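Just below is one structure, and these are the notes that go with it.
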Amino acid sequence: MPDKPSSPPFRVVIVGGSIAGLTLAHCLLRKDIDFVVLESHDEIAPQVGASIGLLPNGFRILDQLGLCDEILDATVPILESYFWTEQARFITVNRTSQHVHKRHGYPIAFVDRQLVLEVLYKHLGQAQERVLTGKKVVKMDHRPDGIKVHCSDQTVFEGDLVVGADGVRSVVRHQMWEYMESKGLEREIAGDRQRMVSNYSCVFGISEPTPGLEPGIGHRTCTEGWSFLESTSREGRVYWFLFKKLGRKYFAHEVPRFDQANIDQYVEPFLEKPISNIVSFRDIYKRAISTTLVPLEEACYEHWAIDRWACIGDSVHKMTPNLGQGGNSAIESAASLANAIVHLIESSSERLQKPTTSDLHASLQKWQNNRRPRAMRIFEQANTLTRLEAVDTFADKIKAHYLMPYLESVMTSKMTKSIVGAVKVDYLPMPVKALRCKVPYNDSRSRENTEGTNALMYKVLERALWAVPLLVFVLVARGPLERLFALGGIERMLFLE
């Protein structure tokens with residue numbers, strides 16, 4: 001009996017050798033789906049002084065891909081975080097990270113972004129030859145039977161789907177918008193073109209070991225208009241962030257660029273500010289190995305895909321770093337897109353043909369509609385935390401400076417709720433760490449219906465846990481005018497945020 005003929009090979013062109021792009025490459029490799037990764041820089045893992053926070057939802061996918069343990073060996077999990085005011089007044093010590101580790105099987109940890117990229121690249125093995133550097137993408141031609149990707153060096157790559165994993169200023173996203181406009185969808189993307197904003201800047205860096213800072217211990221300084229985030233890892237390596245509120249909100253094309261030569265001048269007013277009661281920012285800044293000054297763009301776009309285009313990671317959900325979920329969300333989006341691609345290809349192979357443009361569009365729209373609500377919720381949580389730690393409102397000040405000691409269990413519960421609904425690679429086995437965790441994952445929650453009476457009631461009750469202590473505080477300790485402002489903050493907390 002003759003063998004059943006196979007469908008023609010399907011090829012994915014991934015633009016961007018980012019964590020999102022290389023994670024997607026790994027996921028496709030596990031199913032022998034052809035791909036090529038086009039990276040504009042001359043190397044895959046340059047040392048640009050960036051760190052990444054990894055949480056259980058990201059670690060679980062990396063564990064499925066066989067990459068988790070090597071990364072864990074290079075870091076020290078966060079055990080506790082100390083919170084301070086601008087005057088180095090101790091607020092509280094928070095051990096949510098320990099609770100999260102025990103519940104979900106994986107820690108919260110900071111590590112060099114470069115190291116994660118190196119691990120992702122190294123473990124591609126022979127497939128490294130499909131990762132090409134020095135390939136700056138400049139144009140894409142969408143055709144009925146495929147897509148052509150043109151690079152600045154005149155090379156051209158053909159595929160069935162192009163995926164933008166090329167960051168916040170994504171070329172793929174912008175060309176996808178132009179493609180949508182050519183199809184008469186100007187009104188649909190008008191909002192996306194103006195969706196990105198920037199309210200904060202960030203100086204981030206990596207420093208050598210600093211006296212007074214211990215591995216596994218983090219520090220956060222919360223005060224009006226700015227904040228510090230610091231975490232010390234293996235061998236005393238210090239990862240740190242200085243967040244500063246900009247003078248105004250910038251929209252889309254207005255978002256400023258910063259001259260890296262001005263970093264010393266930019267941080268000078270904060271050098272004597274406290275990282276802890278015994279360590280100042282000057283102590284870690286003078287030991288800096290690398291520093292970078294950037295605006296913090298914020299956007300979760302409405303449109304992630306159409307026809308033979310798709311975008312993942314920062315190109316469609318760019319969030320502030322305070323929650324540490326940016327990289328983890330990128331890993332999730334890569335895994336979820338791989339799930340959709342694999343399902344579509346396997347369905348199409350039964351018909352002995354490659355997916356058509358119509359097939360791709362239908363599959364990608366379903367993927368986008370399932371994935372976006374979870375990404376949007378995490379995006380909102382991250383950006384809310386940035387404002388809380390930079391004491392954006394009077395209510396934020398009460399929560400950050402006075403209620404924080406009483407809210408560890410609330411914070412742990414909120415973290416658990418966001419983690420258990422995480423995406424996984426559907427066609428790979430569950431790792432032992434995930435199977436043995438105390439609180440089971442349930443990725444159906446990533447597609448949960450947030451409408452309805454029960455969901456609304458749960459949300460109100462959850463917010464009441466924050467609002468009731470604030471109400472008691474202001475009624476007992478504050479004057480009439482402050483009470484009025486705070487009550488307005490409580491109302492927003494309960495019903496509008």
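Just remember, in the structure tokens the first chain shown is A, the second B, etc., residues are 1-based per chain, and ligands are 1-based in the order shown.
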
| message | If you run DSSP on the backbone here, which positions in region 91-304 of chain A get alpha helix (DSSP H)? Please write them as a PyMOL selection string. | response | chain A and resi 96-104+113-122+171-182+186-193+263-267+281-285

Give me, as a tab-separated table, each residue of region 145-211 of chain A that comes within 12 Å of region 387-398 of chain A, together with its shortest interatomic pair and the distance in Å at one decimal, counting only C-alpha atoms, with rows ordered by chain and rising residue number.
```
residue	atom	partner	partner_atom	distance
A:Asn199	CA	A:Arg387	CA	9.6
A:Tyr200	CA	A:Arg387	CA	9.3
A:Ser201	CA	A:Ala390	CA	11.6
A:Cys202	CA	A:Ala390	CA	12.0
```

Expected file: the selected residues, C-alpha atoms, as an mmCIF file, in the first residue's frame:
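Once everything was written out, this is part-v1.cif:
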```
data_model
loop_
_atom_site.group_PDB
_atom_site.id
_atom_site.type_symbol
_atom_site.label_atom_id
_atom_site.label_comp_id
_atom_site.auth_asym_id
_atom_site.auth_seq_id
_atom_site.Cartn_x
_atom_site.Cartn_y
_atom_site.Cartn_z
ATOM 1 C CA ASN A 199 4.508 58.347 31.263
ATOM 2 C CA TYR A 200 7.800 57.229 32.799
ATOM 3 C CA SER A 201 11.474 56.912 31.991
ATOM 4 C CA CYS A 202 13.784 54.229 33.315
#
```

| request: Please return as a ChimeraX atom specification: the residues of region 130-268 of chain A that backbone DSSP assigns to strand (DSSP E). | output: /A:131-132,137-143,146-151,156-159,161-164,197-207,217-223,226-232,238-251

Written selection (C-alpha atoms) as an mmCIF file, in the first residue's frame:
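The resulting file, selection.cif, is shown below:
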```cif
data_model
loop_
_atom_site.group_PDB
_atom_site.id
_atom_site.type_symbol
_atom_site.label_atom_id
_atom_site.label_comp_id
_atom_site.auth_asym_id
_atom_site.auth_seq_id
_atom_site.Cartn_x
_atom_site.Cartn_y
_atom_site.Cartn_z
ATOM 1 C CA VAL A 131 19.130 31.982 12.926
ATOM 2 C CA LEU A 132 20.690 34.673 10.746
ATOM 3 C CA VAL A 137 14.109 43.696 7.583
ATOM 4 C CA VAL A 138 12.936 46.652 5.500
ATOM 5 C CA LYS A 139 9.930 45.422 3.521
ATOM 6 C CA MET A 140 7.408 42.590 3.268
ATOM 7 C CA ASP A 141 5.310 41.561 0.269
ATOM 8 C CA HIS A 142 2.096 39.753 1.102
ATOM 9 C CA ARG A 143 0.903 37.440 -1.680
ATOM 10 C CA GLY A 146 2.937 33.336 0.779
ATOM 11 C CA ILE A 147 4.968 36.273 1.993
ATOM 12 C CA LYS A 148 8.355 37.672 0.943
ATOM 13 C CA VAL A 149 10.594 39.370 3.499
ATOM 14 C CA HIS A 150 13.240 41.767 2.160
ATOM 15 C CA CYS A 151 16.373 42.718 4.120
ATOM 16 C CA VAL A 156 14.939 37.881 0.407
ATOM 17 C CA PHE A 157 13.258 35.162 2.479
ATOM 18 C CA GLU A 158 9.999 33.477 1.557
ATOM 19 C CA GLY A 159 7.529 31.829 3.898
ATOM 20 C CA LEU A 161 3.691 33.336 7.727
ATOM 21 C CA VAL A 162 5.767 36.243 9.042
ATOM 22 C CA VAL A 163 5.944 36.767 12.802
ATOM 23 C CA GLY A 164 7.094 40.048 14.302
ATOM 24 C CA VAL A 197 1.964 56.220 25.498
ATOM 25 C CA SER A 198 4.914 56.949 27.752
ATOM 26 C CA ASN A 199 4.508 58.347 31.263
ATOM 27 C CA TYR A 200 7.800 57.229 32.799
ATOM 28 C CA SER A 201 11.474 56.912 31.991
ATOM 29 C CA CYS A 202 13.784 54.229 33.315
ATOM 30 C CA VAL A 203 17.506 53.935 33.904
ATOM 31 C CA PHE A 204 18.329 50.251 34.267
ATOM 32 C CA GLY A 205 21.642 48.620 34.893
ATOM 33 C CA ILE A 206 23.764 45.809 36.242
ATOM 34 C CA SER A 207 26.334 46.419 38.965
ATOM 35 C CA ILE A 217 17.152 39.908 48.787
ATOM 36 C CA GLY A 218 15.430 42.714 46.887
ATOM 37 C CA HIS A 219 14.726 46.338 47.779
ATOM 38 C CA ARG A 220 12.097 48.774 46.524
ATOM 39 C CA THR A 221 11.957 52.493 47.295
ATOM 40 C CA CYS A 222 8.501 53.998 46.811
ATOM 41 C CA THR A 223 8.065 57.749 46.728
ATOM 42 C CA TRP A 226 10.029 58.045 41.179
ATOM 43 C CA SER A 227 10.992 54.635 42.549
ATOM 44 C CA PHE A 228 13.866 52.150 42.795
ATOM 45 C CA LEU A 229 13.741 48.424 42.172
ATOM 46 C CA GLU A 230 16.810 46.344 43.070
ATOM 47 C CA SER A 231 17.499 42.618 43.191
ATOM 48 C CA THR A 232 20.772 40.887 44.062
ATOM 49 C CA VAL A 238 23.041 43.573 41.287
ATOM 50 C CA TYR A 239 20.131 44.259 38.918
ATOM 51 C CA TRP A 240 18.524 47.663 39.372
ATOM 52 C CA PHE A 241 16.016 50.130 37.938
ATOM 53 C CA LEU A 242 15.372 53.820 38.541
ATOM 54 C CA PHE A 243 11.862 54.791 37.421
ATOM 55 C CA LYS A 244 11.048 58.471 37.017
ATOM 56 C CA LYS A 245 7.782 60.099 36.031
ATOM 57 C CA LEU A 246 8.080 62.267 32.931
ATOM 58 C CA GLY A 247 6.802 65.844 32.923
ATOM 59 C CA ARG A 248 3.873 64.892 30.690
ATOM 60 C CA LYS A 249 2.233 61.977 28.915
ATOM 61 C CA TYR A 250 3.708 61.314 25.473
ATOM 62 C CA PHE A 251 1.649 59.699 22.728
#
```

| For Gln381 (chain A), which residue out of A:Pro321, A:Pro429, A:Gly16, A:Gly327 is the nearest one, using only C-alpha atoms? |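 Of A:Pro321, A:Pro429, A:Gly16, A:Gly327, the one nearest Gln381 (chain A), counting only C-alpha atoms, is A:Pro321.
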
| query | Any idea what's packed within 10 Å of Lys438 (chain A), counting only C-alpha atoms, ignoring anything in its chain fewer than 4 positions away? Could you give it as a list in words? | reply |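 Residues near the query, excluding close chain neighbours: Val100, His101, Lys102, Arg103, His104, Gly105 and Ala434 of chain A.
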
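Using only C-alpha atoms for every distance, the candidate list A:Arg287, A:His99, A:Lys31, A:Lys399 yields A:His99 as the residue closest to Leu79 (chain A).
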
| message | If we count only C-alpha atoms and set the cut-off at 6 Å, which residues sit around Thr92 (chain A), ignoring sequence neighbours fewer than 5 positions away in its own chain? Please answer as a list in words. | response |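 Near neighbours after the sequence-gap exclusion: Tyr82, Phe83 and Pro405 of chain A.
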
Hey, can you spit out that residue selection with N, CA and C atoms as an mmCIF file, in the first residue's frame?
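And here is the file that came out, out.cif:
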```
data_model
loop_
_atom_site.group_PDB
_atom_site.id
_atom_site.type_symbol
_atom_site.label_atom_id
_atom_site.label_comp_id
_atom_site.auth_asym_id
_atom_site.auth_seq_id
_atom_site.Cartn_x
_atom_site.Cartn_y
_atom_site.Cartn_z
ATOM 1 N N TYR A 82 12.377 44.140 50.546
ATOM 2 C CA TYR A 82 12.191 45.188 51.553
ATOM 3 C C TYR A 82 11.706 46.459 50.871
ATOM 4 N N PHE A 83 10.717 47.094 51.485
ATOM 5 C CA PHE A 83 10.148 48.321 50.952
ATOM 6 C C PHE A 83 10.555 49.499 51.837
ATOM 7 N N PRO A 405 2.302 46.590 54.730
ATOM 8 C CA PRO A 405 2.625 45.517 55.686
ATOM 9 C C PRO A 405 1.502 44.514 55.902
#
```

| query | In Å, with one decimal, what is the gap from CA of Ile378 (chain A) to CA of Ile331 (chain A)? | reply | 13.5 Å

| If you count only C-alpha atoms, which residues fall within 12 Å of Ala165 (chain A), apart from same-chain ones fewer than 4 positions away, as number ranges by chain? | A: 13-25, 37-40, 137, 169-173, 304, 309-318, 327, 330-331, 333-334, 337

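Of note, CA of Ala288 (chain A) and CA of Thr210 (chain A) are spaced 9.9 Å apart.
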
| task | Could you tell me which of A:Gly236, A:Pro211, A:Gly191, A:Gly49 comes closest to Ile289 (chain A) if we count only C-alpha atoms? | result | A:Gly49

Please provide as a PDB file with N, CA and C atoms, in the first residue's frame all residues within 12 Å of region 185-190 of chain A, with the sequence filter that same-chain residues fewer than 3 positions apart are discarded (counting only C-alpha atoms).
```pdb
ATOM      1  N   ARG A 173       4.977  45.061  12.701  1.00  0.00           N
ATOM      2  CA  ARG A 173       3.701  45.654  13.103  1.00  0.00           C
ATOM      3  C   ARG A 173       3.340  46.835  12.217  1.00  0.00           C
ATOM      4  N   HIS A 174       4.292  47.708  11.939  1.00  0.00           N
ATOM      5  CA  HIS A 174       4.000  48.883  11.109  1.00  0.00           C
ATOM      6  C   HIS A 174       3.619  48.481   9.690  1.00  0.00           C
ATOM      7  N   MET A 176       2.308  45.613   8.862  1.00  0.00           N
ATOM      8  CA  MET A 176       1.003  44.979   8.972  1.00  0.00           C
ATOM      9  C   MET A 176      -0.097  46.035   8.975  1.00  0.00           C
ATOM     10  N   TRP A 177       0.131  47.149   9.682  1.00  0.00           N
ATOM     11  CA  TRP A 177      -0.840  48.245   9.670  1.00  0.00           C
ATOM     12  C   TRP A 177      -1.033  48.780   8.247  1.00  0.00           C
ATOM     13  N   GLU A 178       0.070  48.967   7.528  1.00  0.00           N
ATOM     14  CA  GLU A 178      -0.038  49.464   6.152  1.00  0.00           C
ATOM     15  C   GLU A 178      -0.802  48.474   5.278  1.00  0.00           C
ATOM     16  N   TYR A 179      -0.573  47.200   5.506  1.00  0.00           N
ATOM     17  CA  TYR A 179      -1.311  46.175   4.761  1.00  0.00           C
ATOM     18  C   TYR A 179      -2.808  46.264   5.069  1.00  0.00           C
ATOM     19  N   MET A 180      -3.145  46.455   6.346  1.00  0.00           N
ATOM     20  CA  MET A 180      -4.548  46.572   6.725  1.00  0.00           C
ATOM     21  C   MET A 180      -5.187  47.795   6.082  1.00  0.00           C
ATOM     22  N   GLU A 181      -4.443  48.900   6.032  1.00  0.00           N
ATOM     23  CA  GLU A 181      -4.966  50.100   5.377  1.00  0.00           C
ATOM     24  C   GLU A 181      -5.209  49.854   3.887  1.00  0.00           C
ATOM     25  N   SER A 182      -4.328  49.076   3.253  1.00  0.00           N
ATOM     26  CA  SER A 182      -4.513  48.779   1.826  1.00  0.00           C
ATOM     27  C   SER A 182      -5.760  47.944   1.583  1.00  0.00           C
ATOM     28  N   ARG A 193      -2.752  52.961  16.180  1.00  0.00           N
ATOM     29  CA  ARG A 193      -1.673  53.879  15.811  1.00  0.00           C
ATOM     30  C   ARG A 193      -1.433  54.935  16.897  1.00  0.00           C
ATOM     31  N   GLN A 194      -2.431  55.184  17.731  1.00  0.00           N
ATOM     32  CA  GLN A 194      -2.293  56.177  18.796  1.00  0.00           C
ATOM     33  C   GLN A 194      -2.270  55.558  20.187  1.00  0.00           C
ATOM     34  N   ARG A 195      -2.209  54.222  20.243  1.00  0.00           N
ATOM     35  CA  ARG A 195      -2.385  53.547  21.535  1.00  0.00           C
ATOM     36  C   ARG A 195      -1.163  53.662  22.450  1.00  0.00           C
ATOM     37  N   MET A 196       0.021  53.720  21.863  1.00  0.00           N
ATOM     38  CA  MET A 196       1.212  53.743  22.706  1.00  0.00           C
ATOM     39  C   MET A 196       1.366  55.082  23.418  1.00  0.00           C
ATOM     40  N   ALA A 252       2.396  57.949  21.247  1.00  0.00           N
ATOM     41  CA  ALA A 252       2.886  57.334  20.013  1.00  0.00           C
ATOM     42  C   ALA A 252       4.189  57.954  19.511  1.00  0.00           C
ATOM     43  N   TYR A 301      -1.930  46.378  22.104  1.00  0.00           N
ATOM     44  CA  TYR A 301      -2.642  46.699  20.867  1.00  0.00           C
ATOM     45  C   TYR A 301      -3.864  45.807  20.674  1.00  0.00           C
ATOM     46  N   GLU A 302      -4.774  46.310  19.881  1.00  0.00           N
ATOM     47  CA  GLU A 302      -6.010  45.597  19.578  1.00  0.00           C
ATOM     48  C   GLU A 302      -5.781  44.520  18.524  1.00  0.00           C
ATOM     49  N   HIS A 303      -4.964  44.840  17.536  1.00  0.00           N
ATOM     50  CA  HIS A 303      -4.777  43.944  16.390  1.00  0.00           C
ATOM     51  C   HIS A 303      -3.383  43.334  16.418  1.00  0.00           C
ATOM     52  N   TRP A 304      -3.325  42.014  16.549  1.00  0.00           N
ATOM     53  CA  TRP A 304      -2.068  41.283  16.608  1.00  0.00           C
ATOM     54  C   TRP A 304      -1.783  40.518  15.323  1.00  0.00           C
ATOM     55  N   ALA A 305      -2.782  40.284  14.512  1.00  0.00           N
ATOM     56  CA  ALA A 305      -2.601  39.399  13.361  1.00  0.00           C
ATOM     57  C   ALA A 305      -3.663  39.651  12.306  1.00  0.00           C
ATOM     58  N   ILE A 306      -3.282  39.362  11.072  1.00  0.00           N
ATOM     59  CA  ILE A 306      -4.226  39.352   9.960  1.00  0.00           C
ATOM     60  C   ILE A 306      -3.584  38.561   8.821  1.00  0.00           C
TER      61      ILE A 306
END
```

| field | Among listed residues A:Leu115, A:Val267, A:Ile108, A:Ile71, nearest Ile284 (chain A) (using only C-alpha atoms) | value |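 Among the listed residues, the smallest separation from Ile284 (chain A) belongs to A:Val267.
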